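For reference, entry.cif is printed below; it contains mmCIF, C-alpha atoms.
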data_start
#
loop_
_atom_site.group_PDB
_atom_site.id
_atom_site.type_symbol
_atom_site.label_atom_id
_atom_site.label_comp_id
_atom_site.auth_asym_id
_atom_site.auth_seq_id
_atom_site.Cartn_x
_atom_site.Cartn_y
_atom_site.Cartn_z
ATOM 1 C CA PRO A 180 103.060 110.753 83.233
ATOM 2 C CA VAL A 181 100.725 112.775 80.977
ATOM 3 C CA PHE A 182 97.908 113.026 83.530
ATOM 4 C CA LYS A 183 97.140 116.546 84.684
ATOM 5 C CA GLY A 184 94.600 117.238 87.366
ATOM 6 C CA VAL A 185 93.997 115.910 90.860
ATOM 7 C CA ALA A 186 95.133 112.424 91.841
ATOM 8 C CA VAL A 187 93.350 111.090 94.917
ATOM 9 C CA HIS A 188 95.426 108.246 96.304
ATOM 10 C CA ASP A 189 96.593 106.352 99.372
ATOM 11 C CA HIS A 190 99.989 108.084 99.754
ATOM 12 C CA TRP A 191 101.998 105.415 97.983
ATOM 13 C CA LYS A 192 105.365 107.185 97.656
ATOM 14 C CA PRO A 193 105.935 106.559 93.906
ATOM 15 C CA TYR A 194 102.789 108.601 93.110
ATOM 16 C CA PHE A 195 104.628 111.712 94.270
ATOM 17 C CA ARG A 196 107.060 111.377 91.378
ATOM 18 C CA PHE A 197 104.258 112.754 89.210
ATOM 19 C CA ASP A 198 104.782 116.463 89.666
ATOM 20 C CA THR A 199 102.276 117.619 87.036
ATOM 21 C CA VAL A 200 99.343 116.636 89.257
ATOM 22 C CA VAL A 201 97.819 117.952 92.457
ATOM 23 C CA HIS A 202 97.893 115.244 95.121
ATOM 24 C CA SER A 203 94.984 114.568 97.440
ATOM 25 C CA LEU A 204 95.075 111.837 100.066
ATOM 26 C CA CYS A 205 92.139 109.443 100.209
ATOM 27 C CA GLY A 206 89.987 110.055 103.269
ATOM 28 C CA ALA A 207 88.736 106.458 103.360
ATOM 29 C CA HIS A 208 92.302 105.124 103.621
ATOM 30 C CA LEU A 209 93.079 107.616 106.393
ATOM 31 C CA LEU A 210 89.909 106.719 108.289
ATOM 32 C CA ARG A 211 90.874 103.028 108.166
ATOM 33 C CA GLU A 212 94.336 103.805 109.551
ATOM 34 C CA LEU A 213 92.921 106.058 112.273
ATOM 35 C CA ASN A 214 90.351 103.398 113.115
ATOM 36 C CA TYR A 215 93.144 100.852 113.583
ATOM 37 C CA PHE A 216 95.007 103.107 116.009
ATOM 38 C CA ASP A 217 91.761 103.994 117.773
ATOM 39 C CA GLU A 218 91.039 100.307 118.385
ATOM 40 C CA THR A 219 94.587 99.292 119.318
ATOM 41 C CA LEU A 220 95.862 102.291 121.279
ATOM 42 C CA LYS A 221 92.655 103.496 122.952
ATOM 43 C CA HIS A 222 93.943 107.096 122.779
ATOM 44 C CA GLN A 223 91.765 110.124 122.114
ATOM 45 C CA TRP A 224 93.648 111.546 119.133
ATOM 46 C CA PRO A 225 92.751 108.878 116.523
ATOM 47 C CA ALA A 226 89.031 109.007 117.342
ATOM 48 C CA GLN A 227 89.054 112.802 117.353
ATOM 49 C CA LEU A 228 90.964 113.059 114.054
ATOM 50 C CA LYS A 229 88.512 110.588 112.517
ATOM 51 C CA GLN A 230 85.667 112.779 113.712
ATOM 52 C CA VAL A 231 87.275 115.907 112.246
ATOM 53 C CA LEU A 232 87.547 114.228 108.827
ATOM 54 C CA ILE A 233 83.960 112.962 109.018
ATOM 55 C CA ASP A 234 82.706 116.393 110.115
ATOM 56 C CA ALA A 235 84.612 118.054 107.255
ATOM 57 C CA LYS A 236 83.151 115.600 104.739
ATOM 58 C CA THR A 237 79.650 116.233 106.117
ATOM 59 C CA ALA A 238 80.156 120.005 106.036
ATOM 60 C CA VAL A 239 81.259 119.862 102.385
ATOM 61 C CA ALA A 240 78.263 117.681 101.452
ATOM 62 C CA GLN A 241 75.855 120.046 103.207
ATOM 63 C CA ALA A 242 77.427 123.094 101.555
ATOM 64 C CA GLN A 243 77.181 121.431 98.141
ATOM 65 C CA GLN A 244 73.515 120.564 98.734
ATOM 66 C CA ALA A 245 72.898 124.212 99.650
ATOM 67 C CA GLY A 246 74.450 125.269 96.331
ATOM 68 C CA GLN A 247 77.589 126.723 97.891
ATOM 69 C CA THR A 248 80.976 126.442 96.200
ATOM 70 C CA ALA A 249 83.073 126.677 99.363
ATOM 71 C CA LEU A 250 82.865 126.348 103.111
ATOM 72 C CA SER A 251 82.662 129.570 105.056
ATOM 73 C CA PRO A 252 86.043 130.825 106.297
ATOM 74 C CA GLU A 253 84.841 130.315 109.879
ATOM 75 C CA GLN A 254 83.896 126.693 109.174
ATOM 76 C CA SER A 255 87.216 125.941 107.463
ATOM 77 C CA THR A 256 89.202 127.586 110.244
ATOM 78 C CA ALA A 257 87.326 125.735 112.987
ATOM 79 C CA LEU A 258 87.839 122.360 111.297
ATOM 80 C CA GLU A 259 91.529 123.045 110.648
ATOM 81 C CA GLN A 260 92.057 124.148 114.269
ATOM 82 C CA ARG A 261 90.491 120.915 115.550
ATOM 83 C CA TYR A 262 92.645 118.938 113.102
ATOM 84 C CA ASP A 263 95.823 120.700 114.265
ATOM 85 C CA HIS A 264 94.888 120.346 117.948
ATOM 86 C CA TRP A 265 94.440 116.561 117.837
ATOM 87 C CA LEU A 266 97.386 116.093 115.486
ATOM 88 C CA ASN A 267 99.675 117.929 117.909
ATOM 89 C CA HIS A 268 98.157 115.996 120.804
ATOM 90 C CA GLY A 269 99.134 112.739 119.096
ATOM 91 C CA LEU A 270 102.628 114.002 118.291
ATOM 92 C CA LEU A 271 103.182 114.794 121.988
ATOM 93 C CA ILE A 272 102.309 111.195 122.858
ATOM 94 C CA PHE A 273 104.624 109.830 120.161
ATOM 95 C CA PRO A 274 107.748 112.022 120.176
ATOM 96 C CA GLU A 275 110.431 111.533 117.549
ATOM 97 C CA GLN A 276 112.841 108.716 118.341
ATOM 98 C CA LEU A 277 116.444 109.826 118.081
ATOM 99 C CA LYS A 278 118.999 107.799 116.176
ATOM 100 C CA PRO A 279 121.254 105.780 118.506
ATOM 101 C CA GLN A 280 124.885 106.907 118.415
ATOM 102 C CA GLY A 281 127.017 105.011 115.968
ATOM 103 C CA LYS A 282 124.061 103.819 113.909
ATOM 104 C CA LYS A 283 123.545 104.814 110.291
ATOM 105 C CA GLY A 284 120.274 105.886 108.753
ATOM 106 C CA LYS A 285 117.131 107.147 110.408
ATOM 107 C CA ALA A 286 115.785 105.993 113.741
ATOM 108 C CA LYS A 287 112.765 103.691 113.503
ATOM 109 C CA GLN A 288 109.601 105.529 114.504
ATOM 110 C CA GLU A 289 106.349 104.243 115.976
ATOM 111 C CA PRO A 290 103.750 103.467 113.261
ATOM 112 C CA ALA A 291 101.351 105.919 114.933
ATOM 113 C CA ARG A 292 103.983 108.657 114.710
ATOM 114 C CA ASN A 293 104.524 107.890 111.026
ATOM 115 C CA LEU A 294 100.792 108.402 110.385
ATOM 116 C CA LEU A 295 100.744 111.596 112.445
ATOM 117 C CA CYS A 296 103.757 112.972 110.546
ATOM 118 C CA ARG A 297 102.044 112.158 107.252
ATOM 119 C CA LEU A 298 98.892 113.957 108.432
ATOM 120 C CA ARG A 299 101.044 116.941 109.446
ATOM 121 C CA ASP A 300 103.359 117.084 106.440
ATOM 122 C CA PHE A 301 100.596 116.492 103.894
ATOM 123 C CA LYS A 302 97.837 118.467 105.602
ATOM 124 C CA ASP A 303 97.016 120.382 102.409
ATOM 125 C CA SER A 304 96.610 117.103 100.506
ATOM 126 C CA VAL A 305 94.510 115.572 103.303
ATOM 127 C CA LEU A 306 92.124 118.551 103.461
ATOM 128 C CA LEU A 307 92.089 119.432 99.752
ATOM 129 C CA PHE A 308 88.497 118.142 99.439
ATOM 130 C CA MET A 309 87.517 120.869 101.918
ATOM 131 C CA GLN A 310 89.126 123.647 99.867
ATOM 132 C CA ARG A 311 88.089 122.403 96.412
ATOM 133 C CA PHE A 312 84.642 120.915 96.039
ATOM 134 C CA ASP A 313 85.609 119.268 92.731
ATOM 135 C CA VAL A 314 87.965 116.949 94.660
ATOM 136 C CA PRO A 315 86.286 113.886 96.198
ATOM 137 C CA PHE A 316 86.877 112.862 99.819
ATOM 138 C CA ASP A 317 88.087 109.417 98.754
ATOM 139 C CA ASN A 318 89.136 107.412 95.730
ATOM 140 C CA ASN A 319 86.487 104.722 96.221
ATOM 141 C CA LEU A 320 84.912 105.357 92.810
ATOM 142 C CA ALA A 321 88.232 104.672 91.081
ATOM 143 C CA GLU A 322 88.891 101.606 93.206
ATOM 144 C CA ARG A 323 85.425 100.230 92.451
ATOM 145 C CA ALA A 324 86.170 100.625 88.746
ATOM 146 C CA VAL A 325 89.400 98.616 89.063
ATOM 147 C CA ARG A 326 87.988 95.893 91.347
ATOM 148 C CA PRO A 327 86.321 93.772 88.577
ATOM 149 C CA VAL A 328 89.652 93.431 86.767
ATOM 150 C CA LYS A 329 91.364 92.300 89.963
ATOM 151 C CA VAL A 330 88.554 89.829 90.702
ATOM 152 C CA LYS A 331 88.794 88.470 87.145
ATOM 153 C CA LEU A 332 92.523 87.915 87.635
ATOM 154 C CA LYS A 333 92.024 86.126 90.956
ATOM 155 C CA VAL A 334 89.004 83.993 90.055
ATOM 156 C CA ALA A 335 89.814 83.055 86.484
ATOM 157 C CA GLY A 336 93.553 82.932 87.012
ATOM 158 C CA GLY A 337 94.188 85.753 84.601
ATOM 159 C CA PHE A 338 93.694 86.302 80.926
ATOM 160 C CA ARG A 339 94.969 83.833 78.350
ATOM 161 C CA ALA A 340 95.987 86.514 75.868
ATOM 162 C CA VAL A 341 96.524 90.265 75.730
ATOM 163 C CA GLY A 342 93.606 90.613 73.302
ATOM 164 C CA GLY A 343 91.202 89.089 75.828
ATOM 165 C CA ALA A 344 92.430 91.425 78.555
ATOM 166 C CA GLU A 345 92.072 94.460 76.275
ATOM 167 C CA ALA A 346 88.543 93.419 75.201
ATOM 168 C CA PHE A 347 87.539 92.901 78.825
ATOM 169 C CA CYS A 348 88.842 96.368 79.750
ATOM 170 C CA VAL A 349 87.033 98.049 76.835
ATOM 171 C CA ILE A 350 83.742 96.356 77.730
ATOM 172 C CA ARG A 351 84.148 97.238 81.433
ATOM 173 C CA SER A 352 84.960 100.838 80.503
ATOM 174 C CA ILE A 353 81.829 101.136 78.367
ATOM 175 C CA TRP A 354 79.773 99.454 81.067
ATOM 176 C CA GLU A 355 80.952 101.728 83.883
ATOM 177 C CA THR A 356 80.744 104.914 81.788
ATOM 178 C CA ASP A 357 77.160 104.145 80.783
ATOM 179 C CA LYS A 358 76.178 103.389 84.378
ATOM 180 C CA LEU A 359 77.677 106.691 85.548
ATOM 181 C CA GLN A 360 75.853 108.592 82.820
ATOM 182 C CA GLY A 361 72.523 106.867 83.473
ATOM 183 C CA ARG A 362 72.435 104.946 80.193
ATOM 184 C CA ASN A 363 71.705 101.266 79.687
ATOM 185 C CA PRO A 364 75.080 99.552 79.046
ATOM 186 C CA PHE A 365 73.363 96.757 77.096
ATOM 187 C CA ASP A 366 72.101 99.283 74.521
ATOM 188 C CA THR A 367 75.638 100.575 73.927
ATOM 189 C CA LEU A 368 77.095 97.080 73.703
ATOM 190 C CA ARG A 369 74.320 95.973 71.294
ATOM 191 C CA ALA A 370 75.017 99.017 69.109
ATOM 192 C CA ALA A 371 78.771 98.304 69.180
ATOM 193 C CA PHE A 372 78.392 94.669 68.142
ATOM 194 C CA ALA A 373 75.569 95.273 65.616
#
Would you write out, as structure tokens, the structure that this file holds?
Amino acid sequence: PVFKGVAVHDHWKPYFRFDTVVHSLCGAHLLRELNYFDETLKHQWPAQLKQVLIDAKTAVAQAQQAGQTALSPEQSTALEQRYDHWLNHGLLIFPEQLKPQGKKGKAKQEPARNLLCRLRDFKDSVLLFMQRFDVPFDNNLAERAVRPVKVKLKVAGGFRAVGGAEAFCVIRSIWETDKLQGRNPFDTLRAAFA
């Protein structure tokens, strides 16, 4: 609740309760979903939307390597037009299902339509990495940082006490921070326990 900044996530609805953050949707999660529909539906729109996201990621990386702080307006416009074109193409294939008369609630929609609506309704969050170079394309770095804790829980069956869990998290935090900053984690741990 006190976090301020950009949260890159997989569109889990409860995250949107945090209104003090800017939301960005993880490109890797979206690519996996698009890949699923590409393989199962054999339509053009999922493959083309995947390609737009990959092309946008590549364009941002190339611009950053060239020392630029933003894509050119022409580049951004072209990528957004391709995105909109294939998004609308998909929405034509999967029109909104109307609620049957006498039924309460919303009509169940095709899973592909649900993804397309998310890509439409949260377009700014999907393409935020293109507009702001300080926002990563995906949240893989954060997920890699959490993975060892999850593995520890699965393999060892959990922690026996809260103190052990807290110590493990502190050591992992030091370890990952040192690796990111190019320092030897063993040196830091030796200094801490000396």
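Minimum distance to Phe308 (chain A) across A:His188, A:Lys236, A:Lys183, A:His208 (counting all atoms listed in the file) occurs at A:Lys236.
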Spatial neighbours of region 245-256 of chain A, max dist 7 Å, all atoms listed in the file, sep filter under 6 positions, as a CSV table (one decimal) with C-alpha atoms, in the frame of the given file:
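Final output, saved to out_28.csv:
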chain,number,residue,atom,x,y,z
A,239,VAL,CA,81.3,119.9,102.4
A,310,GLN,CA,89.1,123.6,99.9
A,312,PHE,CA,84.6,120.9,96.0
Distance query region 285-290 of chain A at most 8 Å, all atoms listed in the file, self and fewer than 3 positions along chain excluded, as a list in words: Phe273, Glu275, Gln276, Leu277, Lys278, Pro279, Asn293 and Leu294 of chain A
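The two atoms in question, CA of Leu295 (chain A) and CA of Leu266 (chain A), are spaced 6.4 Å apart.
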Matched chain/residue IDs from the PyMOL selection byres ((chain A and resi 207) around 8), as a ChimeraX atom specification: /A:205-206,208-211,316-319
Selected residue, from A:Pro193, A:Pro364, A:Gly269, A:Pro180, that lies nearest to Gln223 (chain A) when counting all atoms listed in the file: A:Gly269
Which of A:Val231, A:Trp265, A:Asp313, A:Gln280 sits closest to Ala186 (chain A) [using only C-alpha atoms]: A:Asp313
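Taking CA of Leu232 (chain A) and CA of Gln244 (chain A) as the two end points, the separation is 18.4 Å.
Residues lying within 9 Å of Ile272 (chain A), counting only C-alpha atoms and ignoring same-chain neighbours fewer than 4 positions away, are A:Asn267, A:His268, A:Arg292.
Atom pair CA of His264 (chain A) / CA of Val201 (chain A): separated by 25.8 Å.
The closest residue to Thr199 (chain A), picked from A:Val185, A:Leu220, A:Val305, A:Leu270 and counting all atoms listed in the file, is A:Val185.
Of the listed residues (A:Ile353, A:Leu307, A:Ala242, A:Cys348), A:Cys348 comes nearest to Arg326 (chain A); the distances count all atoms listed in the file.
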Please write out, as lines of an AutoDock Vina configuration file, where the centre of an axis-aligned box around all listed atoms of region 260-275 of chain A lies and how long its edges are, in Å to one decimal, after adding 5 Å on each side.
center_x = 100.5
center_y = 117.0
center_z = 118.0
size_x = 29.9
size_y = 24.3
size_z = 19.8
To test your reading of the syntax: which residues would the PyMOL selection byres ((chain A and resi 213) around 9) return for the file shown? Reply as a compact mmCIF listing (two decimals) with C-alpha atoms, in the frame of the given file.
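Listed below is the output, selection11.txt:
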# COMPACT_ATOMS: atom_id res chain seq x y z
CA HIS A 208 92.30 105.12 103.62
CA LEU A 209 93.08 107.62 106.39
CA LEU A 210 89.91 106.72 108.29
CA ARG A 211 90.87 103.03 108.17
CA GLU A 212 94.34 103.80 109.55
CA ASN A 214 90.35 103.40 113.12
CA TYR A 215 93.14 100.85 113.58
CA PHE A 216 95.01 103.11 116.01
CA ASP A 217 91.76 103.99 117.77
CA GLU A 218 91.04 100.31 118.38
CA TRP A 224 93.65 111.55 119.13
CA PRO A 225 92.75 108.88 116.52
CA ALA A 226 89.03 109.01 117.34
CA LEU A 228 90.96 113.06 114.05
CA LYS A 229 88.51 110.59 112.52
CA ALA A 291 101.35 105.92 114.93
CA LEU A 294 100.79 108.40 110.38
